[in-house]
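Chemist: Pasting model_27.cif below, which is mmCIF, C-alpha atoms.
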data_entry
loop_
_atom_site.label_atom_id
_atom_site.label_comp_id
_atom_site.auth_asym_id
_atom_site.auth_seq_id
_atom_site.Cartn_x
_atom_site.Cartn_y
_atom_site.Cartn_z
CA MET A 1 40.24 16.21 -20.78
CA GLN A 2 43.62 14.89 -19.79
CA ASP A 3 42.54 12.23 -17.31
CA ARG A 4 41.28 9.68 -19.73
CA PRO A 5 40.23 6.42 -18.21
CA SER A 6 42.62 3.66 -19.07
CA ILE A 7 41.20 0.86 -21.08
CA ALA A 8 42.15 -2.56 -19.90
CA PRO A 9 43.87 -4.50 -22.65
CA GLY A 10 41.97 -7.30 -24.28
CA VAL A 11 38.48 -6.11 -23.45
CA ASN A 12 35.88 -5.37 -26.02
CA THR A 13 35.97 -1.66 -26.69
CA GLU A 14 33.70 -1.70 -29.67
CA HIS A 15 31.23 0.71 -28.10
CA PHE A 16 33.77 2.67 -26.20
CA ASN A 17 34.41 6.13 -27.46
CA ALA A 18 37.86 7.24 -26.40
CA ASP A 19 36.81 10.87 -26.63
CA GLN A 20 34.36 10.50 -23.82
CA GLU A 21 35.46 12.33 -20.75
CA PRO A 22 35.53 10.85 -17.23
CA LEU A 23 32.24 10.71 -15.44
CA THR A 24 32.34 12.77 -12.27
CA SER A 25 30.06 12.17 -9.32
CA GLN A 26 27.49 14.85 -8.60
CA PHE A 27 28.54 14.59 -4.98
CA ALA A 28 32.28 14.89 -5.62
CA ALA A 29 32.35 18.24 -3.84
CA ASP A 30 30.84 16.75 -0.68
CA PRO A 31 33.73 15.83 1.62
CA ASP A 32 31.50 13.30 3.44
CA MET A 33 30.97 11.47 0.19
CA LEU A 34 34.42 11.58 -1.33
CA GLU A 35 35.75 8.45 0.32
CA LEU A 36 32.55 6.52 -0.40
CA ILE A 37 32.61 7.50 -4.05
CA GLY A 38 36.17 6.21 -4.19
CA MET A 39 35.04 2.87 -2.75
CA PHE A 40 32.17 2.67 -5.18
CA VAL A 41 34.37 3.45 -8.18
CA ARG A 42 37.07 0.99 -7.08
CA GLU A 43 34.47 -1.76 -6.99
CA LEU A 44 33.15 -0.99 -10.46
CA PRO A 45 35.76 -3.06 -12.39
CA ALA A 46 34.51 -6.16 -10.57
CA ARG A 47 30.94 -5.30 -11.59
CA VAL A 48 32.08 -4.76 -15.16
CA GLU A 49 33.68 -8.18 -15.12
CA SER A 50 30.49 -9.81 -13.79
CA LEU A 51 28.49 -8.08 -16.50
CA GLN A 52 30.87 -9.24 -19.23
CA GLN A 53 30.97 -12.83 -18.02
CA ALA A 54 27.21 -12.94 -17.57
CA LEU A 55 26.70 -11.55 -21.05
CA ALA A 56 29.13 -14.06 -22.56
CA ARG A 57 27.37 -16.96 -20.81
CA SER A 58 23.90 -15.49 -21.45
CA ASP A 59 23.43 -15.65 -17.69
CA LEU A 60 20.39 -13.43 -17.51
CA ALA A 61 19.84 -13.87 -13.77
CA THR A 62 23.27 -12.46 -12.95
CA LEU A 63 22.92 -9.71 -15.54
CA SER A 64 19.65 -8.67 -14.00
CA GLN A 65 20.99 -8.82 -10.45
CA VAL A 66 24.12 -6.78 -11.11
CA ALA A 67 22.14 -4.27 -13.15
CA HIS A 68 19.55 -4.01 -10.39
CA GLN A 69 22.19 -3.23 -7.79
CA LEU A 70 23.91 -0.69 -10.02
CA LYS A 71 20.54 0.89 -10.67
CA GLY A 72 19.92 1.36 -6.97
CA ALA A 73 23.41 2.51 -6.06
CA GLY A 74 24.59 4.54 -9.08
CA GLY A 75 22.47 7.62 -8.54
CA GLY A 76 23.02 7.41 -4.81
CA TYR A 77 26.74 7.83 -5.39
CA GLY A 78 26.15 10.68 -7.79
CA PHE A 79 26.10 8.78 -11.08
CA PRO A 80 22.49 9.01 -12.30
CA SER A 81 23.48 7.94 -15.84
CA ILE A 82 24.63 4.58 -14.41
CA THR A 83 21.24 4.20 -12.76
CA SER A 84 19.30 4.88 -15.96
CA SER A 85 21.57 2.70 -18.06
CA ALA A 86 21.35 -0.17 -15.55
CA ALA A 87 17.58 0.25 -15.44
CA GLU A 88 17.51 -0.18 -19.21
CA VAL A 89 19.51 -3.42 -18.95
CA GLU A 90 17.19 -4.70 -16.24
CA ARG A 91 14.17 -3.77 -18.31
CA LEU A 92 15.50 -5.53 -21.41
CA VAL A 93 16.28 -8.70 -19.47
CA LYS A 94 12.78 -8.69 -17.98
CA ALA A 95 11.25 -8.05 -21.39
CA LYS A 96 13.32 -10.94 -22.85
CA ALA A 97 14.64 -8.55 -25.47
CA GLU A 98 16.74 -9.62 -28.43
CA VAL A 99 20.38 -10.40 -27.82
CA ASP A 100 21.57 -7.50 -29.95
CA SER A 101 19.77 -4.80 -28.05
CA LEU A 102 20.76 -6.40 -24.75
CA HIS A 103 24.40 -6.46 -25.88
CA GLU A 104 24.25 -2.82 -26.76
CA ALA A 105 22.64 -1.83 -23.46
CA VAL A 106 25.15 -3.82 -21.41
CA SER A 107 28.03 -2.30 -23.39
CA ASP A 108 26.67 1.17 -22.66
CA LEU A 109 26.48 0.35 -18.99
CA ILE A 110 30.02 -1.06 -18.99
CA SER A 111 31.27 2.01 -20.77
CA LEU A 112 29.69 4.29 -18.18
CA CYS A 113 31.12 2.22 -15.33
CA ARG A 114 34.60 2.51 -16.86
CA ARG A 115 34.29 6.24 -17.25
CA ALA A 116 33.19 6.78 -13.68
CA SER A 117 35.85 8.64 -11.77
CA SER A 118 36.24 9.38 -8.09
CA ASN A 119 38.22 12.54 -8.80
CA PRO A 120 36.61 15.83 -7.98
CA ARG A 121 36.12 17.93 -11.05
CA MET B 1 14.44 15.06 19.31
CA ILE B 2 12.67 13.99 22.46
CA MET B 3 14.72 10.85 22.89
CA SER B 4 17.62 10.74 25.27
CA ARG B 5 18.56 7.28 24.03
CA ARG B 6 20.25 6.86 20.66
CA GLN B 7 17.76 5.45 18.20
CA LYS B 8 18.63 2.41 16.10
CA VAL B 9 17.93 1.98 12.41
CA LEU B 10 18.17 -1.46 10.82
CA VAL B 11 18.98 -1.46 7.10
CA ILE B 12 18.04 -4.66 5.26
CA ASP B 13 19.40 -4.55 1.71
CA ASP B 14 21.26 -7.17 -0.29
CA SER B 15 23.20 -4.51 -2.17
CA GLN B 16 26.39 -3.99 -0.16
CA GLN B 17 26.90 -0.56 -1.62
CA MET B 18 23.69 0.84 -0.15
CA HIS B 19 24.82 0.48 3.45
CA PRO B 20 27.78 2.90 3.60
CA LEU B 21 25.79 5.32 1.46
CA ILE B 22 22.87 5.34 3.89
CA GLN B 23 25.31 5.58 6.78
CA VAL B 24 26.82 8.79 5.40
CA ARG B 25 23.46 10.26 4.43
CA LEU B 26 21.99 9.72 7.88
CA ARG B 27 25.07 10.85 9.76
CA GLY B 28 23.43 14.12 10.76
CA LEU B 29 20.63 12.33 12.59
CA GLY B 30 22.91 10.75 15.16
CA VAL B 31 21.35 7.32 14.85
CA GLU B 32 22.99 3.94 15.19
CA LEU B 33 22.89 1.93 11.98
CA ILE B 34 22.73 -1.85 11.90
CA SER B 35 23.21 -3.73 8.63
CA ALA B 36 21.64 -6.92 7.37
CA TYR B 37 22.24 -8.20 3.86
CA ASP B 38 19.32 -10.60 3.59
CA GLY B 39 15.78 -10.92 4.91
CA GLN B 40 16.33 -13.83 7.29
CA THR B 41 19.22 -12.13 9.07
CA GLY B 42 17.24 -8.90 9.20
CA LEU B 43 14.30 -10.64 10.89
CA LYS B 44 16.60 -12.26 13.42
CA ILE B 45 18.18 -8.93 14.36
CA ALA B 46 14.78 -7.21 14.48
CA THR B 47 13.51 -9.80 16.94
CA GLU B 48 16.60 -10.01 19.13
CA GLU B 49 17.30 -6.30 19.47
CA PRO B 50 14.33 -4.39 18.08
CA PRO B 51 15.38 -1.24 16.23
CA ASP B 52 13.36 1.99 16.14
CA LEU B 53 13.05 1.86 12.37
CA ILE B 54 13.70 -0.59 9.55
CA LEU B 55 14.78 0.48 6.08
CA LEU B 56 13.76 -2.48 3.98
CA ASP B 57 14.76 -3.19 0.38
CA VAL B 58 11.89 -4.63 -1.64
CA ASN B 59 13.82 -6.51 -4.28
CA MET B 60 16.11 -9.04 -2.61
CA PRO B 61 17.05 -12.55 -3.67
CA GLY B 62 15.62 -15.21 -1.39
CA MET B 63 13.18 -13.60 0.99
CA SER B 64 11.72 -10.42 -0.54
CA GLY B 65 11.18 -7.23 1.41
CA PHE B 66 7.43 -7.79 1.28
CA GLU B 67 7.77 -11.21 2.86
CA VAL B 68 10.02 -9.77 5.58
CA CYS B 69 7.48 -7.02 6.30
CA GLN B 70 4.67 -9.55 6.52
CA VAL B 71 6.53 -11.60 9.12
CA LEU B 72 7.44 -8.43 11.07
CA LYS B 73 3.82 -7.32 11.23
CA GLU B 74 2.57 -10.73 12.33
CA SER B 75 4.78 -10.96 15.39
CA SER B 76 3.85 -8.99 18.49
CA GLN B 77 7.56 -8.44 19.22
CA THR B 78 8.20 -6.63 15.96
CA HIS B 79 4.71 -5.42 15.05
CA ASP B 80 5.24 -1.84 16.19
CA ILE B 81 8.59 -1.24 14.50
CA PRO B 82 7.98 1.22 11.66
CA VAL B 83 9.14 0.08 8.22
CA ILE B 84 10.23 2.30 5.32
CA PHE B 85 10.55 0.47 2.02
CA LEU B 86 13.43 1.14 -0.34
CA THR B 87 12.05 0.66 -3.81
CA GLY B 88 13.07 1.35 -7.39
CA ALA B 89 11.55 4.50 -8.88
CA ASP B 90 9.90 2.44 -11.61
CA GLU B 91 8.18 0.05 -9.22
CA SER B 92 5.11 2.16 -8.40
CA VAL B 93 2.97 -0.92 -7.79
CA ASN B 94 5.30 -1.74 -4.91
CA LYS B 95 4.52 1.50 -3.12
CA VAL B 96 0.85 0.62 -2.77
CA LYS B 97 1.62 -2.95 -1.78
CA GLY B 98 4.11 -1.70 0.80
CA PHE B 99 1.51 0.49 2.48
CA ASP B 100 -0.97 -2.39 2.44
CA LEU B 101 1.58 -4.47 4.32
CA GLY B 102 1.86 -1.84 7.02
CA ALA B 103 4.86 0.23 5.97
CA VAL B 104 4.83 3.85 7.11
CA ASP B 105 6.66 5.25 4.10
CA TYR B 106 8.83 4.47 1.11
CA VAL B 107 11.94 5.95 -0.44
CA THR B 108 12.79 5.41 -4.08
CA LYS B 109 16.27 4.36 -5.08
CA PRO B 110 18.46 6.09 -5.98
CA PHE B 111 17.35 8.36 -3.18
CA ASP B 112 17.68 12.06 -2.74
CA PRO B 113 19.80 12.54 0.41
CA ALA B 114 17.60 15.28 1.87
CA GLU B 115 14.47 13.26 1.23
CA LEU B 116 15.88 10.13 2.85
CA CYS B 117 16.91 12.15 5.88
CA ALA B 118 13.54 13.87 6.20
CA ARG B 119 11.54 10.66 5.90
CA VAL B 120 13.73 8.79 8.36
CA ARG B 121 13.62 11.67 10.81
CA ALA B 122 9.82 11.88 10.62
CA ALA B 123 9.42 8.14 11.20
CA LEU B 124 11.84 8.19 14.13
CA ASN B 125 10.06 11.16 15.71
CA THR B 126 6.74 9.36 15.51
CA LYS B 127 8.32 6.25 16.98
CA ALA B 128 9.77 8.27 19.85
CA LEU B 129 6.37 9.80 20.60
CA MET B 130 4.74 6.37 20.50
CA ASP B 131 7.37 5.05 22.90
CA LEU B 132 6.69 7.95 25.19
CA LEU B 133 2.97 7.25 25.16
CA THR B 134 3.51 3.58 25.90
CA THR B 135 5.89 4.21 28.77
CA GLN B 136 3.98 7.10 30.29
CA GLY B 137 0.73 5.37 29.40
CA GLN B 138 -1.86 8.08 29.94
CA ILE B 139 -3.56 8.05 26.58
CA ASP B 140 -5.88 5.46 25.13
CA GLY B 141 -4.34 4.43 21.82
CA LEU B 142 -7.62 3.95 19.97
CA THR B 143 -9.59 7.04 20.95
CA GLY B 144 -6.94 9.50 22.13
CA LEU B 145 -8.88 10.00 25.37
CA HIS B 146 -7.25 9.50 28.77
CA ASN B 147 -6.88 5.83 29.62
CA ARG B 148 -8.04 3.83 32.61
CA ARG B 149 -4.79 4.25 34.49
CA TYR B 150 -4.95 8.03 34.21
CA PHE B 151 -8.61 7.97 35.20
CA ASP B 152 -7.92 6.09 38.45
CA GLU B 153 -5.11 8.46 39.37
CA ARG B 154 -6.96 11.62 38.42
CA LEU B 155 -10.19 10.65 40.19
CA GLY B 156 -8.17 10.11 43.38
CA GLN B 157 -6.68 13.59 43.02
CA GLU B 158 -10.05 15.20 42.33
CA LEU B 159 -11.61 13.50 45.35
CA ALA B 160 -8.78 14.76 47.55
CA ALA B 161 -9.21 18.27 46.16
CA GLY B 162 -12.99 18.02 46.58
CA HIS B 163 -12.52 17.05 50.20
CA ARG B 164 -10.06 19.82 50.85
CA TYR B 165 -12.08 22.60 49.24
CA GLU B 166 -15.45 21.09 50.16
CA ARG B 167 -16.69 21.04 46.64
CA PRO B 168 -18.59 18.27 44.81
CA VAL B 169 -17.07 15.90 42.28
CA GLY B 170 -19.36 14.49 39.58
CA LEU B 171 -18.80 11.29 37.67
CA LEU B 172 -20.44 9.92 34.53
CA MET B 173 -20.06 6.26 33.59
CA ILE B 174 -21.14 5.90 29.98
CA ASP B 175 -21.73 2.70 28.05
CA LEU B 176 -22.50 2.37 24.35
CA ASP B 177 -25.75 0.49 23.85
CA HIS B 178 -25.58 -2.87 22.07
CA PHE B 179 -21.96 -2.42 21.14
CA LYS B 180 -21.28 -6.14 20.94
CA SER B 181 -23.83 -6.50 18.18
CA ILE B 182 -22.15 -3.64 16.27
CA ASN B 183 -18.85 -5.51 16.42
CA ASP B 184 -20.49 -8.81 15.52
CA THR B 185 -22.52 -7.38 12.67
CA PHE B 186 -20.12 -4.88 11.10
CA GLY B 187 -16.72 -6.18 12.23
CA HIS B 188 -14.11 -4.79 14.59
CA PRO B 189 -12.72 -2.09 12.26
CA LYS B 190 -16.19 -0.50 12.10
CA GLY B 191 -16.58 -1.01 15.82
CA ASP B 192 -13.31 0.85 16.35
CA GLN B 193 -14.52 3.68 14.13
CA VAL B 194 -17.68 3.94 16.21
CA LEU B 195 -15.62 4.10 19.42
CA ARG B 196 -13.42 6.83 17.98
CA LYS B 197 -16.39 8.88 16.83
CA PHE B 198 -18.04 8.35 20.19
CA ALA B 199 -14.94 9.73 21.88
CA ASP B 200 -14.99 12.76 19.58
CA VAL B 201 -18.60 13.54 20.42
CA LEU B 202 -17.88 13.09 24.10
CA THR B 203 -14.96 15.53 24.02
CA GLN B 204 -16.93 18.09 22.06
CA THR B 205 -19.95 17.88 24.35
CA CYS B 206 -18.19 18.05 27.70
CA ARG B 207 -16.65 21.20 29.10
CA ALA B 208 -12.95 21.88 28.90
CA THR B 209 -12.59 21.22 32.63
CA ASP B 210 -14.21 17.79 32.41
CA VAL B 211 -11.87 14.82 32.20
CA THR B 212 -12.95 12.40 29.47
CA CYS B 213 -11.58 8.87 29.67
CA ARG B 214 -11.98 5.49 28.05
CA TYR B 215 -12.69 3.20 30.97
CA GLY B 216 -12.41 0.00 28.95
CA GLY B 217 -14.10 -1.70 26.03
CA GLU B 218 -17.14 0.37 25.13
CA GLU B 219 -17.31 2.04 28.54
CA PHE B 220 -16.31 5.66 29.01
CA ALA B 221 -16.01 7.83 32.11
CA VAL B 222 -16.13 11.58 32.63
CA ILE B 223 -14.88 13.25 35.80
CA LEU B 224 -16.59 16.60 36.44
CA PRO B 225 -14.60 18.55 39.02
CA ALA B 226 -16.52 21.11 41.07
CA SER B 227 -19.84 20.03 39.60
CA THR B 228 -23.07 19.33 41.48
CA LEU B 229 -25.24 16.31 40.71
CA GLU B 230 -27.57 18.60 38.80
CA LEU B 231 -24.77 19.99 36.63
CA SER B 232 -23.33 16.52 36.07
CA HIS B 233 -26.77 15.23 35.16
CA GLN B 234 -27.22 18.06 32.66
CA CYS B 235 -23.89 17.24 31.10
CA GLY B 236 -24.95 13.58 30.78
CA VAL B 237 -28.19 14.57 29.09
CA ARG B 238 -26.25 16.72 26.60
CA VAL B 239 -23.97 13.77 25.81
CA LEU B 240 -26.91 11.41 25.21
CA ASP B 241 -28.51 13.98 22.96
CA ALA B 242 -25.36 14.58 20.94
CA ILE B 243 -24.70 10.84 20.49
CA ARG B 244 -28.28 10.14 19.42
CA LYS B 245 -28.22 12.97 16.86
CA CYS B 246 -24.70 12.45 15.52
CA PRO B 247 -25.04 11.73 11.77
CA ASP B 248 -21.56 10.19 11.50
CA PHE B 249 -22.68 6.91 13.05
CA VAL B 250 -25.15 6.49 10.20
CA ASP B 251 -22.25 6.97 7.78
CA ILE B 252 -20.21 4.31 9.56
CA ILE B 253 -22.74 1.56 10.27
CA GLY B 254 -25.92 2.79 8.59
CA ARG B 255 -27.80 3.56 11.77
CA PRO B 256 -27.65 5.86 14.79
CA VAL B 257 -26.04 4.89 18.07
CA THR B 258 -27.26 5.43 21.62
CA ALA B 259 -25.65 5.23 25.05
CA SER B 260 -26.65 4.80 28.67
CA ILE B 261 -25.24 6.81 31.56
CA GLY B 262 -24.98 6.45 35.28
CA VAL B 263 -24.20 9.63 37.18
CA ALA B 264 -22.91 9.97 40.73
CA CYS B 265 -21.78 12.97 42.68
CA ALA B 266 -20.32 13.58 46.12
CA VAL B 267 -18.60 16.12 48.26
CA PRO B 268 -16.00 13.59 49.28
CA SER B 269 -15.24 12.67 52.83
CA ASP B 270 -11.60 12.06 53.66
CA ARG B 271 -12.24 8.31 53.48
CA MET B 272 -13.90 8.32 50.11
CA THR B 273 -12.03 6.22 47.54
CA PRO B 274 -12.41 6.38 43.76
CA ALA B 275 -13.91 2.89 43.90
CA VAL B 276 -16.89 4.08 45.94
CA LEU B 277 -17.86 6.76 43.44
CA VAL B 278 -17.24 4.47 40.45
CA GLU B 279 -19.33 1.73 41.99
CA ALA B 280 -22.21 4.13 42.64
CA ALA B 281 -22.14 5.46 39.08
CA ASP B 282 -21.87 1.90 37.73
CA LYS B 283 -24.98 0.85 39.65
CA ALA B 284 -26.84 3.82 38.22
CA LEU B 285 -25.60 2.88 34.76
CA TYR B 286 -26.98 -0.61 35.26
CA ALA B 287 -30.30 0.90 36.28
CA ALA B 288 -30.33 3.01 33.10
CA LYS B 289 -29.69 -0.11 31.03
CA VAL B 290 -32.45 -2.06 32.75
CA ALA B 291 -34.87 0.84 32.34
CA GLY B 292 -34.50 0.58 28.57
CA ARG B 293 -31.16 2.22 27.60
CA ASP B 294 -30.59 5.59 25.85
CA ARG B 295 -31.11 7.30 29.20
CA ILE B 296 -29.36 8.54 32.31
CA ALA B 297 -29.91 7.41 35.91
CA ALA B 298 -28.54 9.01 39.08
CA ALA B 299 -26.91 7.18 41.97
CA GLU B 300 -27.79 7.58 45.59
CA LEU B 301 -24.74 7.70 47.74
CA ALA B 302 -25.87 6.67 51.20
CA HIS B 303 -22.67 7.07 53.15
CA SER B 304 -21.40 10.30 51.75
CA GLN B 305 -22.97 13.63 51.26
CA THR B 306 -24.68 13.99 47.92
CA VAL B 307 -25.22 17.41 46.53
CA VAL B 308 -28.13 18.27 44.32
#
I need this file expressed as structure tokens, please.

Modeler:
Amino acid sequence: MQDRPSIAPGVNTEHFNADQEPLTSQFAADPDMLELIGMFVRELPARVESLQQALARSDLATLSQVAHQLKGAGGGYGFPSITSSAAEVERLVKAKAEVDSLHEAVSDLISLCRRASSNPR
Amino acid sequence: MIMSRRQKVLVIDDSQQMHPLIQVRLRGLGVELISAYDGQTGLKIATEEPPDLILLDVNMPGMSGFEVCQVLKESSQTHDIPVIFLTGADESVNKVKGFDLGAVDYVTKPFDPAELCARVRAALNTKALMDLLTTQGQIDGLTGLHNRRYFDERLGQELAAGHRYERPVGLLMIDLDHFKSINDTFGHPKGDQVLRKFADVLTQTCRATDVTCRYGGEEFAVILPASTLELSHQCGVRVLDAIRKCPDFVDIIGRPVTASIGVACAVPSDRMTPAVLVEAADKALYAAKVAGRDRIAAAELAHSQTVV
């Protein structure tokens, strides 16, 4: 894959695998959806930032809220893996899971959000 | 779609991203979408310009979707607006609770576009039919029989036809015996069930040409076009018999149900009004009640020709 997502400098890329290819929306071929997917993807960096800040501050309420919204929207925009990953974060917060596993789950979610692409395949 | 007007769908969801998504997915339905991002605002919009359907997110900060639904169902202004809950796939408890609160359906997020469309379309169709019934107003909402308004109109028409073709018009006024005590003892939901079952038996027992109506409360009326007093009387006897023997009432309230009937019949004169025939049948009904209920009594119409 040539279109690798760019990695913002200075962010934690510990769990990011540079070989992972961009995540394409299931609905990318639907002309009605194309513009919306673009909007959704353009807003993802802001979500990623909220997730990172919330994680750093151990702000579980915000973590849970952002994850909940990503869970509801991700699949709707053709990114079911974002939905399942966000659901896992939400579940871990609710279950008051250990910090390590929460970190890992949030990193997975962030990684998926970064890979999401609005380009048609 | 039977609506000429564009139907409105109110989406109440705190997640901004859901709104454009729903907009695109429902584009094919030709509905107008209104957005609210919290429960309070949603309630305000629902009250000020009632939509035809509300898509309501369950999990919202502040006022939850359940609380919003509760308020909607308590107010007469918003009570009849159908609600579809938007709920996470893993929140199965919410589905049951949503139905308990009066929702008509739910859609799990993330939703399948075709499913969302189908569920919204079905709810809007039902709403349109309900609107039609309310505006045209010929059907009794509880029993599905013709309502009082239709009865008055139809009886007038049948009397006019009876006069023109010189044929008799029969009328049964039917009252459930001791219905108040059924309501008081078993509660209104059971009382409603009894009324519905009663209506079923009535429809099944009468002939296809008879016009079965709910006159009000526990009183029913049957117009029998082109029927003599004897035929009308026979029909009344069949109804009493069927009610008395219907096993479903025992299932509902643990005992059988009976009714009393007043029957009147006339070949109408050109001056005869529906009120005259109704009054005559009502008097006979009263006589049947006084005589001990679970029976039929016939009216004597002094000032118009009765046919036996």

Chemist: With only C-alpha atoms counted and 9 Å as the cut-off, give the residues of chain A in contact with chain B, each with its shortest interatomic distance in Å and the pair that gives it, as CSV.

Modeler:
residue,atom,partner,partner_atom,distance
A:Asp32,CA,B:Val24,CA,6.8
A:Met33,CA,B:Val24,CA,7.2
A:Leu36,CA,B:Leu21,CA,7.1
A:Met39,CA,B:Gln17,CA,8.9
A:Phe40,CA,B:Gln17,CA,7.1
A:Gln65,CA,B:Pro61,CA,8.7
A:His68,CA,B:Asn59,CA,8.7
A:Gln69,CA,B:Ser15,CA,5.9
A:Leu70,CA,B:Ser15,CA,8.8
A:Lys71,CA,B:Pro110,CA,7.3
A:Gly72,CA,B:Pro110,CA,5.0
A:Ala73,CA,B:Pro110,CA,6.1
A:Gly74,CA,B:Pro110,CA,7.0
A:Gly75,CA,B:Pro110,CA,5.0
A:Gly76,CA,B:Pro110,CA,4.9
A:Tyr77,CA,B:Leu21,CA,7.4
A:Pro80,CA,B:Pro110,CA,8.0
A:Thr83,CA,B:Pro110,CA,7.6
A:Ala87,CA,B:Asp90,CA,8.9

Chemist: Could you check which of B:Ile243, B:Ala161, B:Leu145, B:Ile261 is closest to B:Val290, using all atoms listed in the file?

Modeler: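 Closest candidate: B:Ile261.
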
Chemist: One number please: atom CA of B:Arg167 to atom CA of B:Cys265, in Å, one decimal.

Modeler: 10.3 Å

Chemist: What would the selection look like, as a VMD selection string, if the PyMOL selection byres ((chain A and resi 94) around 12) were run on the coordinates I just shared?

Modeler: chain A and resid 60 to 61 63 to 65 67 to 68 87 to 93 95 to 98 102

Chemist: Compile the contact shell of A:Ala116 as a list in words: residues with an atom at most 7 Å away, counting all atoms listed in the file, same-chain residues fewer than 4 positions apart removed.

Modeler: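 Within the cut-off, the hits are Pro22, Leu23, Thr24, Val41 and Leu112 of chain A.
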
Chemist: Do you know which residues the PyMOL selection byres ((chain B and resi 240) around 9) returns on this file, as a PDB file with C-alpha atoms, keeping the file's coordinate frame?

Modeler:
ATOM      1  CA  CYS B 235     -23.890  17.240  31.100  1.00  0.00           C
ATOM      2  CA  GLY B 236     -24.950  13.580  30.780  1.00  0.00           C
ATOM      3  CA  VAL B 237     -28.190  14.570  29.090  1.00  0.00           C
ATOM      4  CA  ARG B 238     -26.250  16.720  26.600  1.00  0.00           C
ATOM      5  CA  VAL B 239     -23.970  13.770  25.810  1.00  0.00           C
ATOM      6  CA  ASP B 241     -28.510  13.980  22.960  1.00  0.00           C
ATOM      7  CA  ALA B 242     -25.360  14.580  20.940  1.00  0.00           C
ATOM      8  CA  ILE B 243     -24.700  10.840  20.490  1.00  0.00           C
ATOM      9  CA  ARG B 244     -28.280  10.140  19.420  1.00  0.00           C
ATOM     10  CA  LYS B 245     -28.220  12.970  16.860  1.00  0.00           C
ATOM     11  CA  THR B 258     -27.260   5.430  21.620  1.00  0.00           C
ATOM     12  CA  ALA B 259     -25.650   5.230  25.050  1.00  0.00           C
ATOM     13  CA  SER B 260     -26.650   4.800  28.670  1.00  0.00           C
ATOM     14  CA  ILE B 261     -25.240   6.810  31.560  1.00  0.00           C
ATOM     15  CA  ASP B 294     -30.590   5.590  25.850  1.00  0.00           C
ATOM     16  CA  ARG B 295     -31.110   7.300  29.200  1.00  0.00           C
ATOM     17  CA  ILE B 296     -29.360   8.540  32.310  1.00  0.00           C
TER      18      ILE B 296
END

Chemist: Please write the residues picked by the PyMOL selection byres ((chain B and resi 225) around 10) on this file as an NGL selection string.

Modeler: :B and (155 or 158-159 or 161-162 or 167-171 or 209-211 or 222-224 or 226-228 or 232 or 265)

Chemist: At a cut-off of 10 Å around the point (-19.3, 4.8, 39.6) (file coordinates), what residues fall inside when counting all atoms listed in the file? I'd like the answer as a VMD selection string.

Modeler: chain B and resid 170 to 174 221 262 to 265 274 to 285 299

Chemist: Report, in Å to a single decimal, how far apart atom CA of B:His188 and atom CA of B:Val68 are.

Modeler: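 Answer for the atom CA of B:Val68 to atom CA of B:His188 separation: 26.2 Å.
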
Chemist: Mind pulling up the distance from atom CA of A:His103 to atom CA of A:Leu55?

Modeler: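 Separation between atom CA of A:Leu55 and atom CA of A:His103: 7.4 Å.
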
Chemist: Just checking: using all atoms listed in the file, which residue out of B:Asp131, B:Cys246, B:Asp192, B:Arg148 ends up closest to B:Thr205?

Modeler: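 Distance minimum relative to B:Thr205 lands on B:Cys246.
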
Chemist: Mind checking which residues fall within 10 Å of B:Gly191, counting all atoms listed in the file, ignoring those fewer than 4 positions away in the same chain, and posting them as a PDB file with C-alpha atoms, in the frame of the given file?

Modeler:
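Output contents, as saved in around10.pdb:
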ATOM      1  CA  PHE B 179     -21.960  -2.420  21.140  1.00  0.00           C
ATOM      2  CA  LYS B 180     -21.280  -6.140  20.940  1.00  0.00           C
ATOM      3  CA  SER B 181     -23.830  -6.500  18.180  1.00  0.00           C
ATOM      4  CA  ILE B 182     -22.150  -3.640  16.270  1.00  0.00           C
ATOM      5  CA  ASN B 183     -18.850  -5.510  16.420  1.00  0.00           C
ATOM      6  CA  ASP B 184     -20.490  -8.810  15.520  1.00  0.00           C
ATOM      7  CA  THR B 185     -22.520  -7.380  12.670  1.00  0.00           C
ATOM      8  CA  PHE B 186     -20.120  -4.880  11.100  1.00  0.00           C
ATOM      9  CA  GLY B 187     -16.720  -6.180  12.230  1.00  0.00           C
ATOM     10  CA  LEU B 195     -15.620   4.100  19.420  1.00  0.00           C
ATOM     11  CA  ARG B 196     -13.420   6.830  17.980  1.00  0.00           C
ATOM     12  CA  LYS B 197     -16.390   8.880  16.830  1.00  0.00           C
ATOM     13  CA  GLU B 218     -17.140   0.370  25.130  1.00  0.00           C
ATOM     14  CA  ILE B 252     -20.210   4.310   9.560  1.00  0.00           C
ATOM     15  CA  ILE B 253     -22.740   1.560  10.270  1.00  0.00           C
TER      16      ILE B 253
END

Chemist: I'd like the neighbourhood of B:Gly137 as a PDB file with C-alpha atoms, in the coordinates of the input, where a residue qualifies if any of its atoms comes within 8 Å (using all atoms listed in the file), though same-chain residues fewer than 5 positions away should be ignored.

Modeler:
ATOM      1  CA  LEU B 132       6.690   7.950  25.190  1.00  0.00           C
ATOM      2  CA  ASN B 147      -6.880   5.830  29.620  1.00  0.00           C
ATOM      3  CA  ARG B 149      -4.790   4.250  34.490  1.00  0.00           C
ATOM      4  CA  TYR B 150      -4.950   8.030  34.210  1.00  0.00           C
TER       5      TYR B 150
END

Chemist: When you count only C-alpha atoms, which of these residues is closest to B:Gly141: B:Arg214, B:Pro189, B:Asp105, B:Val201?

Modeler: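 Residue with the minimum atom-to-atom distance to B:Gly141: B:Arg214.
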